[in-house]
$ cat input08.cif   # mmCIF, C-alpha atoms
data_work
loop_
_atom_site.label_atom_id
_atom_site.label_comp_id
_atom_site.auth_asym_id
_atom_site.auth_seq_id
_atom_site.Cartn_x
_atom_site.Cartn_y
_atom_site.Cartn_z
CA MET U 1 -25.42 -4.01 2.67
CA SER U 2 -25.09 -0.29 2.98
CA ASP U 3 -22.55 2.43 2.64
CA SER U 4 -24.31 4.82 4.88
CA THR U 5 -21.37 6.16 6.87
CA LEU U 6 -20.47 9.31 5.01
CA VAL U 7 -17.07 10.73 5.65
CA SER U 8 -18.65 13.91 6.89
CA GLU U 9 -20.20 11.91 9.71
CA VAL U 10 -16.80 10.98 11.12
CA ASP U 11 -15.73 13.19 14.02
CA GLN U 12 -12.95 15.31 12.52
CA SER U 13 -11.18 15.57 15.86
CA LEU U 14 -10.13 11.94 15.32
CA TYR U 15 -7.89 12.91 12.40
CA ALA U 16 -4.51 14.65 12.40
CA LEU U 17 -4.52 15.01 8.62
CA SER U 18 -6.41 18.11 7.50
CA PRO U 19 -9.78 17.78 5.74
CA GLU U 20 -8.02 18.98 2.56
CA GLY U 21 -5.40 16.24 2.94
CA GLN U 22 -8.07 13.62 3.59
CA ALA U 23 -9.94 14.72 0.47
CA LEU U 24 -6.78 14.80 -1.66
CA LEU U 25 -5.59 11.31 -0.75
CA PHE U 26 -8.70 9.39 0.26
CA THR U 27 -12.21 10.73 0.42
CA GLU U 28 -12.47 12.77 -2.79
CA ALA U 29 -9.68 11.17 -4.83
CA LYS U 30 -10.77 8.92 -7.65
CA THR U 31 -9.03 6.68 -10.15
CA ALA U 32 -8.51 8.55 -13.43
CA TYR U 33 -9.36 6.83 -16.71
CA ALA U 34 -8.52 9.69 -19.10
CA PHE U 35 -5.88 12.40 -19.04
CA ARG U 36 -5.42 15.88 -20.45
CA ASP U 37 -2.70 16.44 -23.01
CA GLU U 38 -0.46 18.16 -20.49
CA PRO U 39 3.01 16.87 -19.67
CA VAL U 40 4.31 15.82 -16.27
CA GLY U 41 7.89 16.92 -15.76
CA ASP U 42 10.68 14.62 -14.65
CA ASP U 43 11.07 16.83 -11.56
CA HIS U 44 7.49 15.97 -10.66
CA LEU U 45 8.20 12.25 -11.06
CA LYS U 46 11.18 12.61 -8.75
CA ALA U 47 9.06 14.51 -6.22
CA ILE U 48 6.69 11.53 -6.06
CA TYR U 49 9.62 9.24 -5.29
CA GLU U 50 11.10 11.54 -2.66
CA LEU U 51 7.85 11.41 -0.69
CA PHE U 52 6.92 7.78 -1.36
CA LYS U 53 10.27 6.39 -0.32
CA TRP U 54 9.84 7.21 3.39
CA ALA U 55 6.87 4.91 4.00
CA PRO U 56 7.84 1.78 5.92
CA THR U 57 8.83 -1.72 4.83
CA SER U 58 9.76 -4.83 6.81
CA ALA U 59 13.32 -4.39 8.09
CA ASN U 60 13.60 -1.44 5.68
CA ILE U 61 14.14 -3.71 2.67
CA ASN U 62 12.39 -1.41 0.13
CA PRO U 63 12.10 -3.88 -2.77
CA LEU U 64 9.92 -1.72 -5.05
CA ARG U 65 11.37 -0.23 -8.22
CA ILE U 66 9.77 2.14 -10.69
CA LEU U 67 10.05 2.48 -14.44
CA TYR U 68 8.50 5.74 -15.62
CA VAL U 69 7.37 5.39 -19.22
CA ARG U 70 6.83 8.85 -20.71
CA THR U 71 8.23 8.92 -24.24
CA GLU U 72 6.24 8.06 -27.34
CA ASP U 73 8.55 5.15 -28.04
CA GLY U 74 8.28 3.89 -24.47
CA LYS U 75 4.50 4.06 -24.61
CA ARG U 76 4.43 2.13 -27.87
CA ARG U 77 6.55 -0.61 -26.34
CA LEU U 78 4.32 -0.72 -23.26
CA LEU U 79 0.94 -0.79 -24.96
CA ASP U 80 1.33 -4.26 -26.42
CA GLY U 81 1.45 -5.63 -22.88
CA VAL U 82 -1.59 -3.72 -21.63
CA ALA U 83 -4.98 -5.43 -21.61
CA PRO U 84 -7.14 -3.99 -24.45
CA PRO U 85 -9.69 -2.33 -22.12
CA ASN U 86 -6.84 -0.41 -20.46
CA ARG U 87 -5.01 0.68 -23.63
CA GLU U 88 -6.84 3.90 -24.37
CA GLN U 89 -6.38 5.29 -20.85
CA THR U 90 -2.72 4.25 -20.88
CA ALA U 91 -2.17 5.93 -24.23
CA SER U 92 -3.75 9.14 -22.94
CA ALA U 93 -1.59 9.32 -19.78
CA PRO U 94 1.56 11.45 -20.09
CA VAL U 95 3.34 8.95 -17.84
CA THR U 96 2.73 5.35 -16.92
CA ALA U 97 4.71 3.99 -13.96
CA VAL U 98 5.59 0.32 -14.16
CA LEU U 99 5.93 -0.71 -10.53
CA ALA U 100 8.22 -3.71 -10.18
CA ALA U 101 9.78 -5.85 -7.47
CA ASP U 102 13.57 -6.15 -7.53
CA THR U 103 14.23 -9.90 -7.21
CA GLN U 104 17.75 -9.10 -6.01
CA PHE U 105 16.69 -6.51 -3.44
CA ALA U 106 18.82 -8.27 -0.81
CA GLU U 107 21.94 -6.75 -2.38
CA TYR U 108 20.97 -3.37 -0.93
CA VAL U 109 20.13 -4.66 2.53
CA PRO U 110 23.58 -4.04 4.08
CA PHE U 111 23.16 -0.36 3.17
CA LEU U 112 19.46 -0.12 4.07
CA ALA U 113 19.55 -2.14 7.30
CA PRO U 114 23.10 -1.87 8.66
CA SER U 115 21.95 -2.77 12.17
CA ASN U 116 20.91 -6.19 10.84
CA PRO U 117 24.20 -7.55 9.45
CA GLU U 118 22.95 -11.12 9.01
CA LEU U 119 19.89 -10.19 7.00
CA ARG U 120 21.36 -10.27 3.51
CA ALA U 121 22.71 -13.78 4.00
CA VAL U 122 19.45 -14.94 5.59
CA LEU U 123 17.46 -13.66 2.62
CA GLU U 124 19.85 -15.00 0.01
CA SER U 125 19.89 -18.47 1.54
CA ASN U 126 16.12 -18.78 1.99
CA GLU U 127 14.23 -18.35 -1.25
CA ALA U 128 10.77 -18.80 0.25
CA LEU U 129 11.42 -16.08 2.83
CA ARG U 130 13.01 -13.79 0.28
CA VAL U 131 10.14 -14.10 -2.18
CA ALA U 132 7.51 -13.71 0.54
CA GLN U 133 9.20 -10.55 1.83
CA MET U 134 9.54 -9.18 -1.69
CA ASP U 135 5.92 -9.92 -2.57
CA LEU U 136 4.52 -8.42 0.60
CA ASN U 137 6.66 -5.31 0.75
CA ALA U 138 6.69 -4.39 -2.94
CA ARG U 139 2.89 -4.42 -2.89
CA LEU U 140 2.69 -2.43 0.34
CA GLN U 141 4.96 0.09 -1.35
CA ALA U 142 2.74 0.11 -4.43
CA GLY U 143 -0.06 1.28 -2.16
CA TYR U 144 2.15 4.04 -0.75
CA PHE U 145 3.10 5.02 -4.31
CA VAL U 146 -0.51 5.56 -5.40
CA LEU U 147 -1.10 7.91 -2.47
CA ALA U 148 2.19 9.72 -3.11
CA VAL U 149 1.09 10.43 -6.70
CA ARG U 150 -2.02 12.07 -5.29
CA ALA U 151 0.06 13.96 -2.71
CA ALA U 152 1.98 15.40 -5.66
CA GLY U 153 -1.26 16.82 -7.05
CA LEU U 154 -1.57 14.32 -9.87
CA ALA U 155 -4.27 11.81 -10.72
CA ALA U 156 -3.40 8.12 -10.49
CA GLY U 157 -4.86 5.29 -12.53
CA PRO U 158 -3.59 1.99 -11.09
CA MET U 159 -4.13 -1.01 -13.37
CA GLY U 160 -3.72 -4.67 -12.55
CA GLY U 161 -4.83 -5.66 -16.06
CA PHE U 162 -1.65 -6.20 -18.05
CA ASN U 163 0.58 -8.99 -19.27
CA ALA U 164 3.42 -8.92 -16.77
CA ARG U 165 5.49 -11.42 -18.73
CA ALA U 166 5.30 -9.32 -21.90
CA VAL U 167 6.13 -6.11 -20.04
CA ASP U 168 9.05 -7.75 -18.26
CA GLU U 169 10.46 -9.20 -21.49
CA GLU U 170 10.22 -5.81 -23.15
CA PHE U 171 11.66 -3.63 -20.40
CA PHE U 172 13.48 -5.92 -17.98
CA PRO U 173 15.07 -8.56 -20.22
CA ASP U 174 17.72 -9.48 -17.64
CA GLY U 175 14.95 -10.78 -15.38
CA ARG U 176 15.92 -8.78 -12.31
CA TRP U 177 12.82 -6.56 -12.03
CA LYS U 178 9.35 -8.17 -12.09
CA SER U 179 6.40 -5.89 -12.79
CA ILE U 180 3.46 -5.98 -10.38
CA LEU U 181 1.26 -2.96 -11.16
CA LEU U 182 0.92 -0.19 -13.73
CA VAL U 183 -0.08 3.31 -12.62
CA ASN U 184 -1.12 5.94 -15.13
CA ILE U 185 -0.14 9.42 -13.96
CA GLY U 186 -1.23 12.83 -15.17
CA HIS U 187 -3.78 15.59 -15.06
CA PRO U 188 -7.31 14.22 -15.33
CA ALA U 189 -9.42 14.98 -18.39
CA GLU U 190 -12.97 16.26 -17.95
CA ASN U 191 -14.37 12.77 -18.45
CA ALA U 192 -11.66 11.13 -16.33
CA PHE U 193 -13.76 9.70 -13.56
CA ARG U 194 -16.40 7.01 -13.16
CA GLU U 195 -19.06 6.90 -10.52
CA ARG U 196 -17.54 5.91 -7.20
CA GLY U 197 -18.17 2.32 -6.22
CA ALA U 198 -19.43 1.30 -2.80
CA ARG U 199 -17.05 0.01 -0.16
CA PRO U 200 -17.49 -2.85 2.30
CA SER U 201 -19.22 -1.56 5.41
CA TYR U 202 -17.32 -1.40 8.68
CA GLU U 203 -19.34 -4.36 9.91
CA GLN U 204 -18.43 -6.42 6.85
CA ALA U 205 -14.74 -5.63 6.87
CA VAL U 206 -13.84 -5.29 10.53
CA GLN U 207 -13.96 -7.48 13.63
CA LEU U 208 -12.95 -6.49 17.15
CA VAL U 209 -11.70 -8.68 19.98
CA MET M 1 25.20 4.72 -2.48
CA SER M 2 23.90 7.95 -1.12
CA ASP M 3 20.79 9.38 0.36
CA SER M 4 21.66 12.93 -0.38
CA THR M 5 18.32 14.22 -1.62
CA LEU M 6 16.80 15.73 1.47
CA VAL M 7 13.11 16.29 1.42
CA SER M 8 13.68 19.97 1.99
CA GLU M 9 15.45 20.12 -1.35
CA VAL M 10 12.31 19.11 -3.21
CA ASP M 11 10.46 22.06 -4.72
CA GLN M 12 7.33 22.31 -2.56
CA SER M 13 5.31 23.67 -5.47
CA LEU M 14 5.34 20.11 -6.84
CA TYR M 15 3.15 18.89 -3.97
CA ALA M 16 -0.56 19.41 -3.38
CA LEU M 17 -0.39 17.87 0.09
CA SER M 18 0.67 20.43 2.70
CA PRO M 19 4.12 20.21 4.33
CA GLU M 20 2.33 19.19 7.55
CA GLY M 21 0.55 16.39 5.72
CA GLN M 22 3.77 15.26 4.06
CA ALA M 23 5.49 15.16 7.45
CA LEU M 24 2.60 13.34 9.12
CA LEU M 25 2.33 10.55 6.55
CA PHE M 26 5.77 10.30 4.96
CA THR M 27 8.77 12.45 5.72
CA GLU M 28 8.67 12.66 9.52
CA ALA M 29 6.60 9.59 10.34
CA LYS M 30 8.46 6.64 11.77
CA THR M 31 7.57 3.11 12.74
CA ALA M 32 6.80 2.92 16.48
CA TYR M 33 8.31 0.14 18.57
CA ALA M 34 6.91 1.14 21.98
CA PHE M 35 3.62 2.70 23.04
CA ARG M 36 2.32 4.78 25.92
CA ASP M 37 -0.26 3.27 28.22
CA GLU M 38 -3.05 5.32 26.69
CA PRO M 39 -6.07 3.69 25.13
CA VAL M 40 -7.29 4.11 21.54
CA GLY M 41 -11.05 4.28 21.38
CA ASP M 42 -13.18 2.16 19.10
CA ASP M 43 -14.38 5.37 17.43
CA HIS M 44 -10.78 6.08 16.49
CA LEU M 45 -10.42 2.60 14.99
CA LYS M 46 -13.55 3.20 12.95
CA ALA M 47 -12.21 6.59 11.81
CA ILE M 48 -9.13 4.83 10.39
CA TYR M 49 -11.37 2.49 8.40
CA GLU M 50 -13.60 5.28 7.12
CA LEU M 51 -10.58 7.00 5.58
CA PHE M 52 -8.66 3.92 4.47
CA LYS M 53 -11.58 2.35 2.65
CA TRP M 54 -11.64 4.94 -0.15
CA ALA M 55 -8.22 4.14 -1.59
CA PRO M 56 -8.42 2.21 -4.85
CA THR M 57 -8.34 -1.50 -5.66
CA SER M 58 -8.52 -3.38 -8.96
CA ALA M 59 -12.14 -3.37 -10.14
CA ASN M 60 -13.05 -2.17 -6.63
CA ILE M 61 -12.74 -5.65 -5.14
CA ASN M 62 -11.51 -4.49 -1.70
CA PRO M 63 -10.33 -7.86 -0.33
CA LEU M 64 -8.68 -6.57 2.87
CA ARG M 65 -10.25 -7.28 6.24
CA ILE M 66 -9.19 -6.06 9.68
CA LEU M 67 -9.28 -7.67 13.09
CA TYR M 68 -8.60 -5.10 15.79
CA VAL M 69 -7.17 -6.84 18.84
CA ARG M 70 -7.48 -4.52 21.84
CA THR M 71 -8.59 -6.56 24.88
CA GLU M 72 -6.24 -8.24 27.29
CA ASP M 73 -7.60 -11.63 26.35
CA GLY M 74 -7.27 -10.87 22.65
CA LYS M 75 -3.67 -9.76 23.12
CA ARG M 76 -2.85 -12.93 25.04
CA ARG M 77 -4.25 -15.05 22.21
CA LEU M 78 -2.30 -13.04 19.64
CA LEU M 79 1.10 -12.98 21.31
CA ASP M 80 1.77 -16.69 20.89
CA GLY M 81 1.78 -16.15 17.12
CA VAL M 82 4.09 -13.14 17.18
CA ALA M 83 7.81 -13.62 16.60
CA PRO M 84 9.69 -13.20 19.92
CA PRO M 85 11.52 -10.00 18.89
CA ASN M 86 8.15 -8.37 18.16
CA ARG M 87 6.32 -9.50 21.31
CA GLU M 88 7.24 -6.67 23.63
CA GLN M 89 6.17 -3.95 21.22
CA THR M 90 2.96 -5.82 20.47
CA ALA M 91 2.21 -6.20 24.17
CA SER M 92 2.74 -2.47 24.70
CA ALA M 93 0.40 -1.38 21.89
CA PRO M 94 -3.17 -0.63 22.97
CA VAL M 95 -4.37 -2.11 19.66
CA THR M 96 -2.88 -4.49 17.15
CA ALA M 97 -4.61 -4.72 13.79
CA VAL M 98 -4.43 -8.11 12.12
CA LEU M 99 -4.74 -7.31 8.42
CA ALA M 100 -6.14 -10.25 6.50
CA ALA M 101 -7.25 -11.14 3.00
CA ASP M 102 -10.79 -12.46 2.61
CA THR M 103 -10.43 -15.60 0.49
CA GLN M 104 -14.11 -15.31 -0.43
CA PHE M 105 -13.98 -11.63 -1.35
CA ALA M 106 -15.74 -12.40 -4.66
CA GLU M 107 -19.02 -12.74 -2.77
CA TYR M 108 -19.12 -8.97 -2.34
CA VAL M 109 -18.20 -8.15 -5.91
CA PRO M 110 -21.78 -7.82 -7.23
CA PHE M 111 -22.33 -5.11 -4.60
CA LEU M 112 -18.92 -3.44 -5.01
CA ALA M 113 -18.69 -3.58 -8.81
CA PRO M 114 -22.27 -3.67 -10.13
CA SER M 115 -21.17 -2.40 -13.54
CA ASN M 116 -19.14 -5.59 -13.97
CA PRO M 117 -21.82 -8.29 -13.64
CA GLU M 118 -19.62 -11.13 -14.91
CA LEU M 119 -16.79 -10.51 -12.47
CA ARG M 120 -17.93 -12.67 -9.58
CA ALA M 121 -18.30 -15.72 -11.81
CA VAL M 122 -14.98 -15.02 -13.52
CA LEU M 123 -13.20 -14.86 -10.17
CA GLU M 124 -14.95 -17.88 -8.71
CA SER M 125 -14.14 -20.04 -11.74
CA ASN M 126 -10.46 -19.03 -11.99
CA GLU M 127 -8.53 -19.74 -8.82
CA ALA M 128 -5.19 -18.44 -10.10
CA LEU M 129 -6.74 -15.10 -11.07
CA ARG M 130 -8.72 -14.88 -7.86
CA VAL M 131 -5.71 -15.55 -5.64
CA ALA M 132 -3.48 -13.18 -7.63
CA GLN M 133 -6.06 -10.39 -7.35
CA MET M 134 -6.51 -11.05 -3.65
CA ASP M 135 -2.77 -11.11 -2.97
CA LEU M 136 -2.07 -7.93 -4.91
CA ASN M 137 -4.97 -5.87 -3.69
CA ALA M 138 -4.98 -6.90 -0.03
CA ARG M 139 -1.34 -5.85 0.19
CA LEU M 140 -1.93 -2.58 -1.65
CA GLN M 141 -4.67 -1.94 0.87
CA ALA M 142 -2.34 -2.80 3.75
CA GLY M 143 -0.12 0.04 2.53
CA TYR M 144 -3.09 2.40 2.47
CA PHE M 145 -4.02 1.24 5.98
CA VAL M 146 -0.62 2.13 7.45
CA LEU M 147 -0.91 5.68 6.08
CA ALA M 148 -4.53 5.98 7.27
CA VAL M 149 -3.40 5.13 10.83
CA ARG M 150 -0.97 8.03 10.62
CA ALA M 151 -3.67 10.27 9.15
CA ALA M 152 -5.69 9.52 12.26
CA GLY M 153 -2.88 10.92 14.39
CA LEU M 154 -1.69 7.56 15.67
CA ALA M 155 1.63 5.79 15.38
CA ALA M 156 1.80 2.59 13.35
CA GLY M 157 4.12 -0.34 13.85
CA PRO M 158 3.69 -2.73 10.91
CA MET M 159 5.17 -6.19 11.48
CA GLY M 160 5.72 -8.95 8.97
CA GLY M 161 7.32 -11.15 11.63
CA PHE M 162 4.57 -13.43 12.86
CA ASN M 163 3.27 -16.96 12.41
CA ALA M 164 0.36 -16.45 10.06
CA ARG M 165 -0.80 -20.04 10.40
CA ALA M 166 -0.97 -19.80 14.20
CA VAL M 167 -2.77 -16.44 14.08
CA ASP M 168 -5.24 -17.75 11.51
CA GLU M 169 -5.97 -20.90 13.53
CA GLU M 170 -6.57 -18.83 16.64
CA PHE M 171 -8.73 -16.07 15.17
CA PHE M 172 -10.03 -17.29 11.83
CA PRO M 173 -10.67 -21.01 12.38
CA ASP M 174 -13.16 -21.25 9.51
CA GLY M 175 -10.30 -20.48 7.11
CA ARG M 176 -11.99 -17.59 5.33
CA TRP M 177 -9.63 -14.78 6.39
CA LYS M 178 -5.86 -15.21 5.92
CA SER M 179 -3.62 -12.82 7.84
CA ILE M 180 -0.94 -10.94 5.92
CA LEU M 181 0.40 -8.20 8.23
CA LEU M 182 0.16 -7.05 11.83
CA VAL M 183 0.07 -3.34 12.62
CA ASN M 184 0.54 -2.07 16.16
CA ILE M 185 -1.43 1.12 16.76
CA GLY M 186 -1.23 3.65 19.55
CA HIS M 187 0.46 6.70 20.98
CA PRO M 188 4.24 6.39 20.80
CA ALA M 189 6.28 6.12 23.99
CA GLU M 190 9.30 8.36 24.46
CA ASN M 191 11.63 5.59 23.34
CA ALA M 192 9.33 4.53 20.49
CA PHE M 193 11.54 5.26 17.54
CA ARG M 194 14.78 3.94 16.06
CA GLU M 195 17.16 5.88 13.88
CA ARG M 196 15.74 6.23 10.40
CA GLY M 197 17.25 3.90 7.87
CA ALA M 198 18.49 5.03 4.46
CA ARG M 199 16.37 4.57 1.38
CA PRO M 200 17.39 3.51 -2.13
CA SER M 201 18.47 6.57 -4.10
CA TYR M 202 16.37 7.78 -7.01
CA GLU M 203 19.02 6.46 -9.37
CA GLN M 204 18.95 3.01 -7.76
CA ALA M 205 15.19 2.66 -7.66
CA VAL M 206 13.96 4.47 -10.75
CA GLN M 207 14.45 4.19 -14.50
CA LEU M 208 12.94 6.43 -17.16
CA VAL M 209 12.15 5.63 -20.79
#
$ encode --input "input08.cif" --output "structure tokens"
Amino acid sequence: MSDSTLVSEVDQSLYALSPEGQALLFTEAKTAYAFRDEPVGDDHLKAIYELFKWAPTSANINPLRILYVRTEDGKRRLLDGVAPPNREQTASAPVTAVLAADTQFAEYVPFLAPSNPELRAVLESNEALRVAQMDLNARLQAGYFVLAVRAAGLAAGPMGGFNARAVDEEFFPDGRWKSILLVNIGHPAENAFRERGARPSYEQAVQLV
Amino acid sequence: MSDSTLVSEVDQSLYALSPEGQALLFTEAKTAYAFRDEPVGDDHLKAIYELFKWAPTSANINPLRILYVRTEDGKRRLLDGVAPPNREQTASAPVTAVLAADTQFAEYVPFLAPSNPELRAVLESNEALRVAQMDLNARLQAGYFVLAVRAAGLAAGPMGGFNARAVDEEFFPDGRWKSILLVNIGHPAENAFRERGARPSYEQAVQLV
């Protein structure tokens, strides 16, 4: 197995995004594991949302919700639900976003997808379809969110390692939002980054017919 | 409900990505429903992968796989599994990417995450964990993929509406890859786009603690 295709070997004329944009979002960006003691303003958190929200979902259902945890008290409540290896990085981040799926996302569908007047009833009468659409689209949106954090000039530290039940009981006791991913957000510390891992080669990951 | 926060009202100093990059990936990009009769070269498909692949996954497991369907015969085999409302747009796209999760992604983990030597065994002995990690990360990666298509200057048409079982039987008969999303790829036709739908407001989608 090899990882021999360096980004610099890709013909740049095949991209519309600038080399700086490619570096910012993809080729040079790395997951941050430690953060400087420098706050992230609420206006910056809103700027992430205002970019993120435009990326597409099936029938425009947009089931992802975000809880930004940025106070000392909020962090204390969150840390109990974070896996021990992820606690230190979470404590160091000025903000941790709890990304969650809204189990009652169908309520908003008449507003989001007015050209599809049957959709709310279809979703509310078919649990398997509703859950499948929620699971797929909330996670697609979580991917968009990570890249939007980077687009806002901040480092992202997505973490799957947490106790979703504990986090949900603490922050979403009515059961409506279900957490799916945590994302630490902030300015990276000097020791923020680990060595970049390899990726599956094109031949391993891609087939053509 | 309102959608009153226009992108232009966001303070641009809060973004590191250029306005052109924001427009290309998020604010001006729209799902394409019709494509020009203009081919997309295999080098362009590889360029998408070479950008996409760098976005992060949990423990660097990278479970997403891609089948690019771009021949007439491939399209014919695919169309039977596509929901009727999506067939015309799929037929018009020069390429349709079948995004799939590799159920045996753990095989690659020793190469992808060498600093985590126990991980392959942990995943292979714990089906619930393995499936949860696959489901989360393959869908996160599907989100990254959609934005990487746009970064490569192409229009994307993601589609959840297809018969995954039929597509898997046709293209992945050994059962290893499981399709999760189709993405039409190409150059948009003049009538490619629909009116943009509203998005949940910041107040609807976001909480802060």
$ closest_atom_pairs --input "input08.cif" --of "chain M" --to "chain U" --cutoff "7 Å" --atoms "all atoms listed in the file" --output "tab-separated table"
residue	atom	partner	partner_atom	distance
M:Val7	CA	U:Glu50	CA	6.6
M:Val10	CA	U:Ala47	CA	6.4
M:Leu14	CA	U:Ala152	CA	5.9
M:Tyr15	CA	U:Ala152	CA	4.1
M:Ala16	CA	U:Gly153	CA	4.5
M:Leu17	CA	U:Ala151	CA	4.8
M:Gly21	CA	U:Leu17	CA	6.0
M:Phe26	CA	U:Trp54	CA	5.3
M:Thr27	CA	U:Trp54	CA	5.8
M:Thr31	CA	U:Pro56	CA	7.0
M:His44	CA	U:Leu14	CA	6.0
M:Ala47	CA	U:Val10	CA	6.4
M:Glu50	CA	U:Val7	CA	6.6
M:Leu51	CA	U:Phe26	CA	6.1
M:Phe52	CA	U:Phe26	CA	6.9
M:Lys53	CA	U:Arg199	CA	6.6
M:Trp54	CA	U:Phe26	CA	5.3
M:Ala55	CA	U:Phe26	CA	5.6
M:Pro56	CA	U:Thr31	CA	7.0
M:Ser58	CA	U:Gly160	CA	6.1
M:Asn60	CA	U:Gly197	CA	6.8
M:Arg65	CA	U:Ala205	CA	4.8
M:Ile66	CA	U:Val206	CA	4.8
M:Leu67	CA	U:Gln207	CA	4.7
M:Tyr68	CA	U:Leu208	CA	4.8
M:Val69	CA	U:Val209	CA	5.0
M:Arg70	CA	U:Val209	CA	6.2
M:Thr71	CA	U:Val209	CA	6.2
M:Gly74	CA	U:Val209	CA	5.6
M:Leu112	CA	U:Ala198	CA	5.3
M:Ala113	CA	U:Gly197	CA	6.5
M:Leu136	CA	U:Arg139	CA	6.4
M:Arg139	CA	U:Leu140	CA	5.3
M:Leu140	CA	U:Gly143	CA	4.3
M:Gln141	CA	U:Gly143	CA	6.4
M:Ala142	CA	U:Leu140	CA	6.1
M:Gly143	CA	U:Leu140	CA	4.3
M:Tyr144	CA	U:Gly143	CA	5.6
M:Ala151	CA	U:Leu17	CA	4.8
M:Ala152	CA	U:Tyr15	CA	4.0
M:Gly153	CA	U:Ala16	CA	4.5
M:Met159	CA	U:Ser58	CA	6.7
M:Gly160	CA	U:Ser58	CA	6.2
M:Gly197	CA	U:Leu112	CA	6.0
M:Ala198	CA	U:Leu112	CA	5.3
M:Arg199	CA	U:Leu112	CA	6.2
M:Ala205	CA	U:Arg65	CA	4.8
M:Val206	CA	U:Ile66	CA	4.8
M:Gln207	CA	U:Leu67	CA	4.7
M:Leu208	CA	U:Tyr68	CA	4.7
M:Val209	CA	U:Val69	CA	5.0
$ atom_distance --input "input08.cif" --atom1 "atom CA of Trp177 of chain M" --atom2 "atom CA of Pro84 of chain M"
23.6 Å
$ resolve_selection --input "input08.cif" --expression "the PyMOL selection byres ((chain M and resi 32) around 9)" --output "PyMOL selection string"
chain M and resi 30-31+33-35+89+155-158+184-189+191-194
$ atom_distance --input "input08.cif" --atom1 "atom CA of Asn163 of chain M" --atom2 "atom CA of Gln104 of chain U"
24.7 Å
$ atom_distance --input "input08.cif" --atom1 "atom CA of Asp168 of chain M" --atom2 "atom CA of Gly81 of chain M"
9.1 Å
$ resolve_selection --input "input08.cif" --expression "the PyMOL selection byres ((chain M and resi 37) around 8)" --output "PyMOL selection string"
chain M and resi 35-36+38-39+92-94
$ closest_residue --input "input08.cif" --among "M:Thr90, M:Ser125, M:Thr103, M:Asn116" --to "Leu182 of chain M" --atoms "only C-alpha atoms"
M:Thr90
$ axis_aligned_box --input "input08.cif" --around "segment 131-138 of chain U" --padding-each-side "8 Å" --output "AutoDock Vina command-line options"
--center_x 7.3 --center_y -9.2 --center_z -0.6 --size_x 21.6 --size_y 25.7 --size_z 20.8
$ build_atoms --input "input08.cif" --residues "segment 179-191 of chain U" --atoms "N, CA and C atoms" --output "mmCIF file, in the coordinates of the input"
data_model
loop_
_atom_site.group_PDB
_atom_site.id
_atom_site.type_symbol
_atom_site.label_atom_id
_atom_site.label_comp_id
_atom_site.auth_asym_id
_atom_site.auth_seq_id
_atom_site.Cartn_x
_atom_site.Cartn_y
_atom_site.Cartn_z
ATOM 1 N N SER U 179 7.464 -6.886 -12.920
ATOM 2 C CA SER U 179 6.400 -5.890 -12.790
ATOM 3 C C SER U 179 5.215 -6.428 -12.004
ATOM 4 N N ILE U 180 4.610 -5.572 -11.189
ATOM 5 C CA ILE U 180 3.460 -5.980 -10.380
ATOM 6 C C ILE U 180 2.227 -5.098 -10.592
ATOM 7 N N LEU U 181 2.406 -3.859 -11.009
ATOM 8 C CA LEU U 181 1.260 -2.960 -11.160
ATOM 9 C C LEU U 181 1.656 -1.835 -12.098
ATOM 10 N N LEU U 182 0.721 -1.400 -12.931
ATOM 11 C CA LEU U 182 0.920 -0.190 -13.730
ATOM 12 C C LEU U 182 0.106 0.943 -13.091
ATOM 13 N N VAL U 183 0.649 2.142 -13.144
ATOM 14 C CA VAL U 183 -0.080 3.310 -12.620
ATOM 15 C C VAL U 183 0.023 4.440 -13.628
ATOM 16 N N ASN U 184 -1.090 4.757 -14.274
ATOM 17 C CA ASN U 184 -1.120 5.940 -15.130
ATOM 18 C C ASN U 184 -1.081 7.186 -14.253
ATOM 19 N N ILE U 185 -0.353 8.190 -14.729
ATOM 20 C CA ILE U 185 -0.140 9.420 -13.960
ATOM 21 C C ILE U 185 -0.331 10.623 -14.872
ATOM 22 N N GLY U 186 -1.070 11.611 -14.384
ATOM 23 C CA GLY U 186 -1.230 12.830 -15.170
ATOM 24 C C GLY U 186 -2.295 13.725 -14.595
ATOM 25 N N HIS U 187 -2.719 14.664 -15.428
ATOM 26 C CA HIS U 187 -3.780 15.590 -15.060
ATOM 27 C C HIS U 187 -5.079 15.053 -15.647
ATOM 28 N N PRO U 188 -6.097 14.884 -14.840
ATOM 29 C CA PRO U 188 -7.310 14.220 -15.330
ATOM 30 C C PRO U 188 -8.036 15.038 -16.395
ATOM 31 N N ALA U 189 -8.555 14.338 -17.399
ATOM 32 C CA ALA U 189 -9.420 14.980 -18.390
ATOM 33 C C ALA U 189 -10.796 15.207 -17.767
ATOM 34 N N GLU U 190 -11.636 15.955 -18.499
ATOM 35 C CA GLU U 190 -12.970 16.260 -17.950
ATOM 36 C C GLU U 190 -13.796 14.999 -17.700
ATOM 37 N N ASN U 191 -13.610 14.023 -18.570
ATOM 38 C CA ASN U 191 -14.370 12.770 -18.450
ATOM 39 C C ASN U 191 -13.552 11.681 -17.767
#
